[in-house]
There are 4 protein chains.
Amino acid sequence: MTGNRDENTRLQRVIEGIAARMAGETERGKVRPGDDDSRLGAFGIAVQTADGALLQAGDHAERFPIQSISKVFALTIALERAGEELWRRVGREPSGDPYNSIIDLERHEGMPRNPFINPGALVVADVLLAHEDVREGVPEPVRARIAQLLGITDRAAWPPCEPDILDSLETGHVNRALAHLTKSYGNLKHEIEQVMAVYVHQCAVRLNCAELARAGRYLMLERIGMATDSAQAVRLARRINALMLTCGQYDGSGEFAYRVGLPAKSGVSGGILAIVPNHASIAVWSPGLDESGNSALGTRALACLAEEMDWSVFGASGLPDERL
Amino acid sequence: MTGNRDENTRLQRVIEGIAARMAGETERGKVRPGDDDSRLGAFGIAVQTADGALLQAGDHAERFPIQSISKVFALTIALERAGEELWRRVGREPSGDPYNSIIDLERHEGMPRNPFINPGALVVADVLLAHEDVREGVPEPVRARIAQLLGITDRAAWPPCEPDILDSLETGHVNRALAHLTKSYGNLKHEIEQVMAVYVHQCAVRLNCAELARAGRYLMLERIGMATDSAQAVRLARRINALMLTCGQYDGSGEFAYRVGLPAKSGVSGGILAIVPNHASIAVWSPGLDESGNSALGTRALACLAEEMDWSVFGASGLPDERL
Amino acid sequence: MTGNRDENTRLQRVIEGIAARMAGETERGKVRPGDDDSRLGAFGIAVQTADGALLQAGDHAERFPIQSISKVFALTIALERAGEELWRRVGREPSGDPYNSIIDLERHEGMPRNPFINPGALVVADVLLAHEDVREGVPEPVRARIAQLLGITDRAAWPPCEPDILDSLETGHVNRALAHLTKSYGNLKHEIEQVMAVYVHQCAVRLNCAELARAGRYLMLERIGMATDSAQAVRLARRINALMLTCGQYDGSGEFAYRVGLPAKSGVSGGILAIVPNHASIAVWSPGLDESGNSALGTRALACLAEEMDWSVFGASGLPDERL
Amino acid sequence: MTGNRDENTRLQRVIEGIAARMAGETERGKVRPGDDDSRLGAFGIAVQTADGALLQAGDHAERFPIQSISKVFALTIALERAGEELWRRVGREPSGDPYNSIIDLERHEGMPRNPFINPGALVVADVLLAHEDVREGVPEPVRARIAQLLGITDRAAWPPCEPDILDSLETGHVNRALAHLTKSYGNLKHEIEQVMAVYVHQCAVRLNCAELARAGRYLMLERIGMATDSAQAVRLARRINALMLTCGQYDGSGEFAYRVGLPAKSGVSGGILAIVPNHASIAVWSPGLDESGNSALGTRALACLAEEMDWSVFGASGLPDERL
């Protein structure tokens, strides 16, 4: 207990130091062309630890649309429902191409390379719809399960769909191109606009760092929030962590694994969810993006945090802090 | 101590059970067209633990050319010598294409996607040559460092180069095509035949499972065998583990991470080296390959072992064995 | 005059011989999966000569949707309207990929390789809409100009749009994927459904061989039917012939140029329009397609006809008939 | 006769006018990086007419290595020897990729798209070697047949091989990469260095415009210089013209067909051979290249000449000169 309390005291100091350094950074990345850049100066961080502490620093209380980070939660639900059958419709390999590349999709005849590139996320959204009574918009059971997984207990707090945020002209047309091509190969069962509605909806969910870090608890193998039993839940969390590590940062996934060494998923609004299995769930947010579309400061902050805390899935150093 | 002894007793039982099951498997994969298939029935496994025990089962004493597994050791030496500068010449991203695809190389103007696809390994070999007095064949310092890293103490035991093993007509021409294309972009400094000599030489090194498992000790973050100091060695080992996890199994890397959850590197002769950071270095060998060119039984055996020992970089379950 | 009459008598004999041979062919190609194959036994041919004769044989009077052959006429109108500016939005190079490949479109950032692959035809349709008061469906002036160019004098004869023919599930989704991707790059000005309406409409025009051969007269450099003056019309016809020769038969264009040696455009319903500059406009029709999607018998018939009549843009032999 | 004399007088006037205009052009293109640019100011033209006249202007007497134009003559010999069997080893489709792209070769499993891209030319060179007693270098019968086809009667005039001209570092490595990849698919029978020797040799032949225009006579369907009988020779010439039209100008072939309308083959040294079937064989030369690697002024000159002489395989206008 005391150990944890000391550890958490140190962790709080570390994230406050990081938040302070990030506030002073001048190279903050860029938002996508056309996006609002008024919050380029923002940086928030929150860490949920396995012992139940929630530590925060910077602009941790400011909400942002989680965008592609939602793909992690949507995939979890799809795997709970469809099981390993899902992998007949979407691959598990890193893509080597940008998140919205249509080339790969044609080369592999409508089978997206993994569930975190956009066509893969559309297939996942199609699976979410599979057993629902679909009329229009997003079916209530889908909304409810996403809300439950994200820990949104107050249904009234469920954010209204804000398609204008992400359905800018380009994104909308590229995603519809991906959807039509996927459907041409028979790999979408529902109407394209229904699938798009689920996808847009999940992307538009707004959370702050604290809420996002808490939502990631099941991925550090706490057995909470999962519909499945414990053994299945553990297996599922491990596998989603594997996908986050290999495919979670678009075409910067390899470099992120190399530099940071943690499973993580980024979103185009500048958020990143990262997992230290058995130890912590971390959320960072800063809107400026690097060339691969990942939060520039968020990536830097996670690299610092992992180094200072000796966190890496690729081994604990066992060295005194000052040595690393 | 007792704990370790008990643990090792259990581990010995587990790998013997796996070896017995693998002996009975009928679906054993295939060797590459033209390769010798007389040892399709073979299966060997060895586990080097962090506490110094070396456990073995099956055909663990039979030597095989380590082929592409050598890319791990060559990369280690190249990173010791060139440092992060290496990444100006080779990427760190999974490729999404087969190991010998030339398409990616042209698309990225002579910069291989990662050091484990063949053109990347050729650039690494070029770096190994960089500071040597190159006359012909493989320079003695390069041989010596590889031997040291592999723990080959008896220099006489250094295997003679057996280029006939891997320089079959197809492989030779594809690799030379990759080398010429890389050189056309200025990304090889030495003569192609010199680079090929180093590459062929490292691939032809013959080890058995026990020797290979021992050679992988530095990757579980034991601080031995590295030329660098401890902190650097830890960082280096973590980063090589990251590359093994994201890129180590050709275009089956994503699925391997998903199913097994350990950093690993395979070779076309049927060997796989897998790492449980801080805990174990594992070598398996069985010549039959799956569709991605990885040992079919080796992959299955590692999946069983990881499951039974609750080994995964993506989290320990903490559940009683019988639950997983 | 007598010369022409003798020549035409011989030509009539030749096409009747071809029609008879084609009736007896057993290898007739295939219709696309799902398409009606009840007319696989049909073969029609018509030749409009420069001296005004219209010669016919086989099932020349049976109408079929002209499908992609309409791209020739749509391109003509677009070039009349936009002039060489058109080539800022669509290329003039053969594609090397199938007609509906989306890969090329992404590689060239939304600029279709040529106006005869589907995305190019969509850009052309967008140009046709450019100066019209667009409300819904196909604007009357566009209909009127297509009708005029095709020589459909009786407006009542204008065929109703039959989108069901071509808008089968696959085609529709692939074309919409192409349209959305093109629009994402800003290369479509109008709403996708408006562009699709023009495209579907032009494809659904139904002509028989005689009507189609007559519609092609302006391409043999007769100065009729063009909105432009004579010199421009000649230049335009030559250029469209050039595009037909290099890009008119999907990814079989090179082989068609090699075997037949005439500018031609095929459609997926089995029609082909071929031009002998200064001499003849030829239409053939037979529904079975070869692997590239061109009429199998139509191609064979044109090869025979070209050989027997010593017709090739690549040189007249001057040899007695029996020699060739 | 008089008609021809008048026509030739006019043609002489036209090419002199073009040569004068080209001398004054300031935008002259660029040589490849590293190539000699001392002759950027040069422009030569020669026209061999079907009635036997040879008309010349500008720097028509200056010799240059014919480079890729040699692919036309090599293909002719290969087709004489291997007949249509050749097309089992090389395609006839335009490539859509640059002349030295390796991507296409891998996509099509070692079958080059056409005989005018470099891997296709290597397969053709391999065919030239097929029936020869190969020891080293270029077999005498191959040299002799190339010399005969090019009309090099004085064997002493046969140029020594100048590999340094084209075997610059990049070209050499890219071509060897293409050769090794082609051989890896079993599509080269001879040793790579033998094939390269033939290829380098044919590229290094030096001709001036007059010699090149005369060498092209058989392509305007004069029945001279061919080993085959007349009917075969005509068919062969037509087919080579077809390939020149669809594939002769690298990835600028479509635009060249559109703008100029004549079969032509360019070389990287700035030469172009163009054919007006039944009428003329034209050679132009100016070292500055456009973006596709074709002579910038050569292309412009051919466009002017074709326009002024009303030459196009896509139809004669029949209009008075001043109208076009």
# chains A, B, ... in the order shown; residues from 1 in each chain; ligands from 1
>>> interface_residues(of="chain C", to="chain D", cutoff="6 Å", atoms="only C-alpha atoms", output="list in words")
Arg92, Glu93, Ser95, Gly96, Ala231, Arg238, Arg239, Ala242, Thr246, Gly254, Glu255, Ala257, Tyr258, Pro277, Asn278, Val313, Phe314, Gly315 and Leu324 of chain C
>>> write_last_selection(atoms="N, CA and C atoms", output="mmCIF file, in the first residue's frame")
data_model
loop_
_atom_site.group_PDB
_atom_site.id
_atom_site.type_symbol
_atom_site.label_atom_id
_atom_site.label_comp_id
_atom_site.auth_asym_id
_atom_site.auth_seq_id
_atom_site.Cartn_x
_atom_site.Cartn_y
_atom_site.Cartn_z
ATOM 1 N N ARG C 92 -3.914 11.117 -70.689
ATOM 2 C CA ARG C 92 -4.078 10.517 -72.014
ATOM 3 C C ARG C 92 -3.238 9.264 -72.159
ATOM 4 N N GLU C 93 -2.853 8.678 -71.026
ATOM 5 C CA GLU C 93 -1.980 7.516 -71.112
ATOM 6 C C GLU C 93 -2.747 6.213 -70.869
ATOM 7 N N SER C 95 -3.513 2.700 -69.253
ATOM 8 C CA SER C 95 -3.426 2.560 -67.799
ATOM 9 C C SER C 95 -2.661 1.339 -67.323
ATOM 10 N N GLY C 96 -2.610 0.291 -68.114
ATOM 11 C CA GLY C 96 -1.932 -0.902 -67.613
ATOM 12 C C GLY C 96 -2.700 -1.617 -66.526
ATOM 13 N N ALA C 231 -11.652 22.196 -89.720
ATOM 14 C CA ALA C 231 -10.276 21.892 -89.337
ATOM 15 C C ALA C 231 -10.231 21.360 -87.902
ATOM 16 N N ARG C 238 -9.103 12.898 -85.201
ATOM 17 C CA ARG C 238 -7.808 12.215 -85.147
ATOM 18 C C ARG C 238 -7.405 11.899 -83.716
ATOM 19 N N ARG C 239 -7.616 12.885 -82.857
ATOM 20 C CA ARG C 239 -7.172 12.707 -81.476
ATOM 21 C C ARG C 239 -8.003 11.674 -80.738
ATOM 22 N N ALA C 242 -6.766 8.451 -81.797
ATOM 23 C CA ALA C 242 -5.523 8.104 -81.100
ATOM 24 C C ALA C 242 -5.829 7.508 -79.728
ATOM 25 N N THR C 246 -4.961 3.679 -78.363
ATOM 26 C CA THR C 246 -4.067 3.382 -77.229
ATOM 27 C C THR C 246 -4.820 2.907 -75.987
ATOM 28 N N GLY C 254 -3.251 -2.876 -76.210
ATOM 29 C CA GLY C 254 -2.010 -3.112 -76.933
ATOM 30 C C GLY C 254 -2.134 -4.299 -77.870
ATOM 31 N N GLU C 255 -2.725 -5.370 -77.365
ATOM 32 C CA GLU C 255 -2.863 -6.555 -78.204
ATOM 33 C C GLU C 255 -3.804 -6.284 -79.381
ATOM 34 N N ALA C 257 -4.318 -3.390 -80.880
ATOM 35 C CA ALA C 257 -3.572 -2.593 -81.855
ATOM 36 C C ALA C 257 -2.633 -3.483 -82.656
ATOM 37 N N TYR C 258 -2.038 -4.448 -81.972
ATOM 38 C CA TYR C 258 -1.085 -5.352 -82.603
ATOM 39 C C TYR C 258 -1.780 -6.285 -83.598
ATOM 40 N N PRO C 277 -9.659 5.199 -90.734
ATOM 41 C CA PRO C 277 -9.697 6.626 -91.064
ATOM 42 C C PRO C 277 -9.779 6.854 -92.574
ATOM 43 N N ASN C 278 -10.665 7.765 -92.956
ATOM 44 C CA ASN C 278 -10.919 8.108 -94.361
ATOM 45 C C ASN C 278 -11.661 7.031 -95.145
ATOM 46 N N VAL C 313 -4.164 1.064 -89.802
ATOM 47 C CA VAL C 313 -3.570 2.413 -89.757
ATOM 48 C C VAL C 313 -2.058 2.323 -89.849
ATOM 49 N N PHE C 314 -1.509 1.114 -89.766
ATOM 50 C CA PHE C 314 -0.060 0.969 -89.764
ATOM 51 C C PHE C 314 0.509 0.615 -91.126
ATOM 52 N N GLY C 315 -0.302 0.882 -92.181
ATOM 53 C CA GLY C 315 0.216 0.713 -93.526
ATOM 54 C C GLY C 315 -0.608 -0.229 -94.371
ATOM 55 N N LEU C 324 -1.914 -11.891 -98.445
ATOM 56 C CA LEU C 324 -1.972 -11.550 -97.007
ATOM 57 C C LEU C 324 -2.752 -12.578 -96.198
#
>>> residues_around(residues="Pro139 (chain C)", least_positions_apart="6", cutoff="10 Å", atoms="only C-alpha atoms", output="NGL selection string")
:C and (128-129 or 132-133 or 194 or 197-198)
>>> write_last_selection(atoms="all heavy atoms", output="short mmCIF file (atom, residue, chain, number, x, y, z; two decimals), in the first residue's frame")
data_model
loop_
_atom_site.label_atom_id
_atom_site.label_comp_id
_atom_site.auth_asym_id
_atom_site.auth_seq_id
_atom_site.Cartn_x
_atom_site.Cartn_y
_atom_site.Cartn_z
N LEU C 128 -19.54 17.46 -68.90
CA LEU C 128 -20.78 17.61 -69.66
C LEU C 128 -21.82 18.40 -68.85
O LEU C 128 -22.63 19.13 -69.40
CB LEU C 128 -21.38 16.25 -70.03
CG LEU C 128 -20.55 15.36 -70.96
CD1 LEU C 128 -21.41 14.20 -71.48
CD2 LEU C 128 -19.99 16.15 -72.13
N LEU C 129 -21.77 18.24 -67.55
CA LEU C 129 -22.73 18.93 -66.68
C LEU C 129 -22.34 20.38 -66.43
O LEU C 129 -23.16 21.18 -65.96
CB LEU C 129 -22.80 18.22 -65.32
CG LEU C 129 -23.56 16.91 -65.26
CD1 LEU C 129 -23.28 16.21 -63.93
CD2 LEU C 129 -25.06 17.16 -65.42
N GLU C 132 -24.47 23.42 -67.52
CA GLU C 132 -25.91 23.21 -67.58
C GLU C 132 -26.56 23.65 -66.27
O GLU C 132 -25.94 23.67 -65.23
CB GLU C 132 -26.21 21.72 -67.82
CG GLU C 132 -25.43 21.10 -68.96
CD GLU C 132 -25.60 21.83 -70.29
OE1 GLU C 132 -26.60 22.56 -70.45
OE2 GLU C 132 -24.73 21.70 -71.16
N ASP C 133 -27.83 23.98 -66.41
CA ASP C 133 -28.63 24.25 -65.23
C ASP C 133 -29.05 22.90 -64.65
O ASP C 133 -30.02 22.29 -65.10
CB ASP C 133 -29.86 25.09 -65.63
CG ASP C 133 -30.78 25.28 -64.44
OD1 ASP C 133 -30.33 25.13 -63.28
OD2 ASP C 133 -31.96 25.59 -64.69
N GLN C 194 -25.51 13.09 -59.52
CA GLN C 194 -25.74 13.75 -60.81
C GLN C 194 -24.78 13.21 -61.86
O GLN C 194 -25.14 12.93 -63.00
CB GLN C 194 -25.55 15.26 -60.68
CG GLN C 194 -26.66 15.95 -59.90
CD GLN C 194 -26.42 17.44 -59.79
OE1 GLN C 194 -25.27 17.89 -59.69
NE2 GLN C 194 -27.50 18.20 -59.79
N ALA C 197 -25.73 9.84 -62.86
CA ALA C 197 -26.92 9.82 -63.71
C ALA C 197 -26.54 10.01 -65.17
O ALA C 197 -27.03 9.31 -66.06
CB ALA C 197 -27.91 10.91 -63.26
N VAL C 198 -25.65 10.96 -65.45
CA VAL C 198 -25.22 11.18 -66.83
C VAL C 198 -24.51 9.94 -67.35
O VAL C 198 -24.77 9.45 -68.45
CB VAL C 198 -24.27 12.40 -66.93
CG1 VAL C 198 -23.65 12.49 -68.32
CG2 VAL C 198 -25.03 13.68 -66.60
#
>>> atom_distance(atom1="CA of Gly216 (chain B)", atom2="CA of Ser281 (chain B)")
5.7 Å
>>> residues_around(residues="Glu16 (chain C)", least_positions_apart="6", cutoff="12 Å", atoms="only C-alpha atoms", output="list in words")
Thr9, Arg10, Met22, Ala23, Phe43, Gly44, Ile45, Ala46, Val47, Leu55, Gln56, Ala57, Gly58, Asp59, His60, Ala301, Cys304 and Leu305 of chain C
>>> write_last_selection(atoms="N, CA and C atoms", output="JSON list (two decimals), in the first residue's frame")
[["chain", "number", "residue", "atom", "x", "y", "z"],
["C", 9, "THR", "N", -19.34, -4.24, -103.28],
["C", 9, "THR", "CA", -19.84, -5.60, -103.50],
["C", 9, "THR", "C", -18.90, -6.60, -102.83],
["C", 10, "ARG", "N", -17.61, -6.37, -103.01],
["C", 10, "ARG", "CA", -16.64, -7.27, -102.39],
["C", 10, "ARG", "C", -16.73, -7.19, -100.86],
["C", 22, "MET", "N", -18.60, -16.66, -88.02],
["C", 22, "MET", "CA", -18.84, -16.37, -86.59],
["C", 22, "MET", "C", -20.04, -17.15, -86.06],
["C", 23, "ALA", "N", -21.05, -17.38, -86.94],
["C", 23, "ALA", "CA", -22.21, -18.16, -86.50],
["C", 23, "ALA", "C", -21.80, -19.57, -86.11],
["C", 43, "PHE", "N", -24.42, -12.52, -83.43],
["C", 43, "PHE", "CA", -23.30, -11.78, -84.00],
["C", 43, "PHE", "C", -23.83, -10.86, -85.08],
["C", 44, "GLY", "N", -23.53, -9.59, -84.98],
["C", 44, "GLY", "CA", -23.95, -8.64, -86.00],
["C", 44, "GLY", "C", -22.79, -7.77, -86.44],
["C", 45, "ILE", "N", -22.87, -7.27, -87.67],
["C", 45, "ILE", "CA", -21.82, -6.40, -88.18],
["C", 45, "ILE", "C", -22.42, -5.40, -89.16],
["C", 46, "ALA", "N", -21.90, -4.17, -89.14],
["C", 46, "ALA", "CA", -22.31, -3.16, -90.11],
["C", 46, "ALA", "C", -21.11, -2.30, -90.44],
["C", 47, "VAL", "N", -20.99, -1.93, -91.73],
["C", 47, "VAL", "CA", -19.89, -1.07, -92.16],
["C", 47, "VAL", "C", -20.44, 0.12, -92.92],
["C", 55, "LEU", "N", -23.31, -1.26, -95.27],
["C", 55, "LEU", "CA", -23.38, -2.69, -95.54],
["C", 55, "LEU", "C", -23.56, -3.43, -94.22],
["C", 56, "GLN", "N", -24.35, -4.50, -94.22],
["C", 56, "GLN", "CA", -24.69, -5.16, -92.97],
["C", 56, "GLN", "C", -24.75, -6.67, -93.12],
["C", 57, "ALA", "N", -24.56, -7.38, -92.04],
["C", 57, "ALA", "CA", -24.69, -8.84, -92.05],
["C", 57, "ALA", "C", -24.95, -9.33, -90.63],
["C", 58, "GLY", "N", -25.49, -10.55, -90.54],
["C", 58, "GLY", "CA", -25.76, -11.14, -89.23],
["C", 58, "GLY", "C", -26.86, -10.38, -88.49],
["C", 59, "ASP", "N", -26.75, -10.34, -87.17],
["C", 59, "ASP", "CA", -27.79, -9.73, -86.33],
["C", 59, "ASP", "C", -27.59, -8.22, -86.22],
["C", 60, "HIS", "N", -27.47, -7.58, -87.36],
["C", 60, "HIS", "CA", -27.12, -6.16, -87.40],
["C", 60, "HIS", "C", -28.25, -5.26, -86.93],
["C", 301, "ALA", "N", -13.73, -11.02, -85.48],
["C", 301, "ALA", "CA", -14.32, -10.56, -86.74],
["C", 301, "ALA", "C", -13.58, -9.35, -87.28],
["C", 304, "CYS", "N", -10.29, -10.43, -88.85],
["C", 304, "CYS", "CA", -10.51, -11.00, -90.19],
["C", 304, "CYS", "C", -10.78, -9.90, -91.21],
["C", 305, "LEU", "N", -11.69, -9.01, -90.85],
["C", 305, "LEU", "CA", -12.10, -7.96, -91.78],
["C", 305, "LEU", "C", -10.91, -7.08, -92.16]]
>>> atom_distance(atom1="CA of Thr76 (chain A)", atom2="CA of Val142 (chain A)")
12.2 Å
>>> atom_distance(atom1="CA of Ala61 (chain A)", atom2="CA of Glu140 (chain A)")
27.7 Å
>>> select_by_dssp(residues="region 98-286 of chain A", states="alpha helix (DSSP H)", output="MDAnalysis selection string")
chainID A and resid 103:107 118:129 140:150 163:166 169:184 192:204 209:215 230:247 253:259
>>> write_last_selection(atoms="C-alpha atoms", output="PDB file, in the first residue's frame")
ATOM      1  CA  ILE A 103      -4.738   0.504 -52.809  1.00  0.00           C
ATOM      2  CA  ASP A 104      -4.358  -2.186 -50.206  1.00  0.00           C
ATOM      3  CA  LEU A 105      -8.078  -2.818 -50.186  1.00  0.00           C
ATOM      4  CA  GLU A 106      -8.157  -3.531 -53.918  1.00  0.00           C
ATOM      5  CA  ARG A 107      -5.004  -5.632 -53.763  1.00  0.00           C
ATOM      6  CA  ASN A 118     -10.569   2.943 -41.982  1.00  0.00           C
ATOM      7  CA  PRO A 119     -11.963   0.164 -44.190  1.00  0.00           C
ATOM      8  CA  GLY A 120     -11.310  -2.280 -41.348  1.00  0.00           C
ATOM      9  CA  ALA A 121     -13.182  -0.030 -38.956  1.00  0.00           C
ATOM     10  CA  LEU A 122     -16.095   0.049 -41.408  1.00  0.00           C
ATOM     11  CA  VAL A 123     -16.239  -3.749 -41.442  1.00  0.00           C
ATOM     12  CA  VAL A 124     -16.189  -3.690 -37.630  1.00  0.00           C
ATOM     13  CA  ALA A 125     -19.067  -1.180 -37.660  1.00  0.00           C
ATOM     14  CA  ASP A 126     -20.931  -3.516 -40.007  1.00  0.00           C
ATOM     15  CA  VAL A 127     -20.472  -6.336 -37.469  1.00  0.00           C
ATOM     16  CA  LEU A 128     -21.806  -4.112 -34.691  1.00  0.00           C
ATOM     17  CA  LEU A 129     -24.967  -3.691 -36.740  1.00  0.00           C
ATOM     18  CA  GLU A 140     -29.716   1.712 -29.300  1.00  0.00           C
ATOM     19  CA  PRO A 141     -27.970  -1.553 -28.250  1.00  0.00           C
ATOM     20  CA  VAL A 142     -24.832  -0.479 -30.097  1.00  0.00           C
ATOM     21  CA  ARG A 143     -24.905   2.923 -28.438  1.00  0.00           C
ATOM     22  CA  ALA A 144     -25.532   1.285 -25.084  1.00  0.00           C
ATOM     23  CA  ARG A 145     -22.627  -1.173 -25.355  1.00  0.00           C
ATOM     24  CA  ILE A 146     -20.196   1.533 -26.482  1.00  0.00           C
ATOM     25  CA  ALA A 147     -21.390   3.706 -23.603  1.00  0.00           C
ATOM     26  CA  GLN A 148     -20.992   0.842 -21.154  1.00  0.00           C
ATOM     27  CA  LEU A 149     -17.481  -0.002 -22.339  1.00  0.00           C
ATOM     28  CA  LEU A 150     -16.476   3.647 -22.157  1.00  0.00           C
ATOM     29  CA  PRO A 163     -20.809  14.402 -37.998  1.00  0.00           C
ATOM     30  CA  ASP A 164     -19.676  17.851 -39.035  1.00  0.00           C
ATOM     31  CA  ILE A 165     -16.511  17.337 -37.021  1.00  0.00           C
ATOM     32  CA  LEU A 166     -15.190  14.445 -39.013  1.00  0.00           C
ATOM     33  CA  LEU A 169     -15.577  16.878 -47.479  1.00  0.00           C
ATOM     34  CA  GLU A 170     -12.392  14.873 -48.025  1.00  0.00           C
ATOM     35  CA  THR A 171     -12.734  12.422 -45.176  1.00  0.00           C
ATOM     36  CA  GLY A 172     -16.332  11.769 -46.054  1.00  0.00           C
ATOM     37  CA  HIS A 173     -15.593  11.045 -49.687  1.00  0.00           C
ATOM     38  CA  VAL A 174     -12.564   8.877 -48.996  1.00  0.00           C
ATOM     39  CA  ASN A 175     -14.465   6.865 -46.388  1.00  0.00           C
ATOM     40  CA  ARG A 176     -17.406   6.448 -48.739  1.00  0.00           C
ATOM     41  CA  ALA A 177     -15.021   5.353 -51.489  1.00  0.00           C
ATOM     42  CA  LEU A 178     -13.595   2.771 -49.087  1.00  0.00           C
ATOM     43  CA  ALA A 179     -17.086   1.691 -48.054  1.00  0.00           C
ATOM     44  CA  HIS A 180     -18.328   1.291 -51.629  1.00  0.00           C
ATOM     45  CA  LEU A 181     -15.228  -0.652 -52.641  1.00  0.00           C
ATOM     46  CA  THR A 182     -15.542  -2.924 -49.604  1.00  0.00           C
ATOM     47  CA  LYS A 183     -19.211  -3.460 -50.351  1.00  0.00           C
ATOM     48  CA  SER A 184     -18.421  -4.238 -54.000  1.00  0.00           C
ATOM     49  CA  ILE A 192     -23.348   2.155 -46.557  1.00  0.00           C
ATOM     50  CA  GLU A 193     -25.074   5.055 -44.842  1.00  0.00           C
ATOM     51  CA  GLN A 194     -25.965   2.868 -41.862  1.00  0.00           C
ATOM     52  CA  VAL A 195     -22.389   1.702 -41.512  1.00  0.00           C
ATOM     53  CA  MET A 196     -21.166   5.270 -41.883  1.00  0.00           C
ATOM     54  CA  ALA A 197     -23.618   6.384 -39.177  1.00  0.00           C
ATOM     55  CA  VAL A 198     -22.150   3.959 -36.638  1.00  0.00           C
ATOM     56  CA  TYR A 199     -18.621   4.879 -37.616  1.00  0.00           C
ATOM     57  CA  VAL A 200     -19.207   8.621 -37.473  1.00  0.00           C
ATOM     58  CA  HIS A 201     -21.046   8.232 -34.204  1.00  0.00           C
ATOM     59  CA  GLN A 202     -18.289   6.310 -32.433  1.00  0.00           C
ATOM     60  CA  CYS A 203     -15.670   8.770 -33.678  1.00  0.00           C
ATOM     61  CA  ALA A 204     -17.649  11.728 -32.374  1.00  0.00           C
ATOM     62  CA  CYS A 209      -8.021  12.376 -20.678  1.00  0.00           C
ATOM     63  CA  ALA A 210      -9.289  11.139 -17.327  1.00  0.00           C
ATOM     64  CA  GLU A 211     -12.367   9.503 -18.833  1.00  0.00           C
ATOM     65  CA  LEU A 212     -10.323   7.946 -21.622  1.00  0.00           C
ATOM     66  CA  ALA A 213      -7.686   6.544 -19.265  1.00  0.00           C
ATOM     67  CA  ARG A 214     -10.439   4.990 -17.159  1.00  0.00           C
ATOM     68  CA  ALA A 215     -12.097   3.526 -20.242  1.00  0.00           C
ATOM     69  CA  SER A 230     -12.497 -13.552 -17.032  1.00  0.00           C
ATOM     70  CA  ALA A 231     -10.284 -15.929 -19.012  1.00  0.00           C
ATOM     71  CA  GLN A 232     -11.811 -14.796 -22.279  1.00  0.00           C
ATOM     72  CA  ALA A 233     -11.571 -11.188 -21.212  1.00  0.00           C
ATOM     73  CA  VAL A 234      -7.863 -11.535 -20.503  1.00  0.00           C
ATOM     74  CA  ARG A 235      -7.257 -13.215 -23.830  1.00  0.00           C
ATOM     75  CA  LEU A 236      -9.269 -10.539 -25.620  1.00  0.00           C
ATOM     76  CA  ALA A 237      -7.423  -7.693 -23.904  1.00  0.00           C
ATOM     77  CA  ARG A 238      -4.041  -9.195 -24.775  1.00  0.00           C
ATOM     78  CA  ARG A 239      -5.030  -9.583 -28.385  1.00  0.00           C
ATOM     79  CA  ILE A 240      -6.327  -6.044 -28.673  1.00  0.00           C
ATOM     80  CA  ASN A 241      -3.081  -4.856 -27.105  1.00  0.00           C
ATOM     81  CA  ALA A 242      -1.197  -6.836 -29.781  1.00  0.00           C
ATOM     82  CA  LEU A 243      -3.185  -5.116 -32.522  1.00  0.00           C
ATOM     83  CA  MET A 244      -2.620  -1.716 -30.914  1.00  0.00           C
ATOM     84  CA  LEU A 245       1.106  -2.345 -30.807  1.00  0.00           C
ATOM     85  CA  THR A 246       1.443  -3.508 -34.394  1.00  0.00           C
ATOM     86  CA  CYS A 247      -1.219  -1.323 -36.068  1.00  0.00           C
ATOM     87  CA  SER A 253       3.285   2.056 -35.621  1.00  0.00           C
ATOM     88  CA  GLY A 254       6.713   0.485 -36.036  1.00  0.00           C
ATOM     89  CA  GLU A 255       8.520   3.620 -34.943  1.00  0.00           C
ATOM     90  CA  PHE A 256       6.189   4.059 -31.953  1.00  0.00           C
ATOM     91  CA  ALA A 257       6.824   0.474 -30.827  1.00  0.00           C
ATOM     92  CA  TYR A 258      10.550   1.133 -31.201  1.00  0.00           C
ATOM     93  CA  ARG A 259      10.612   4.435 -29.356  1.00  0.00           C
TER      94      ARG A 259
END
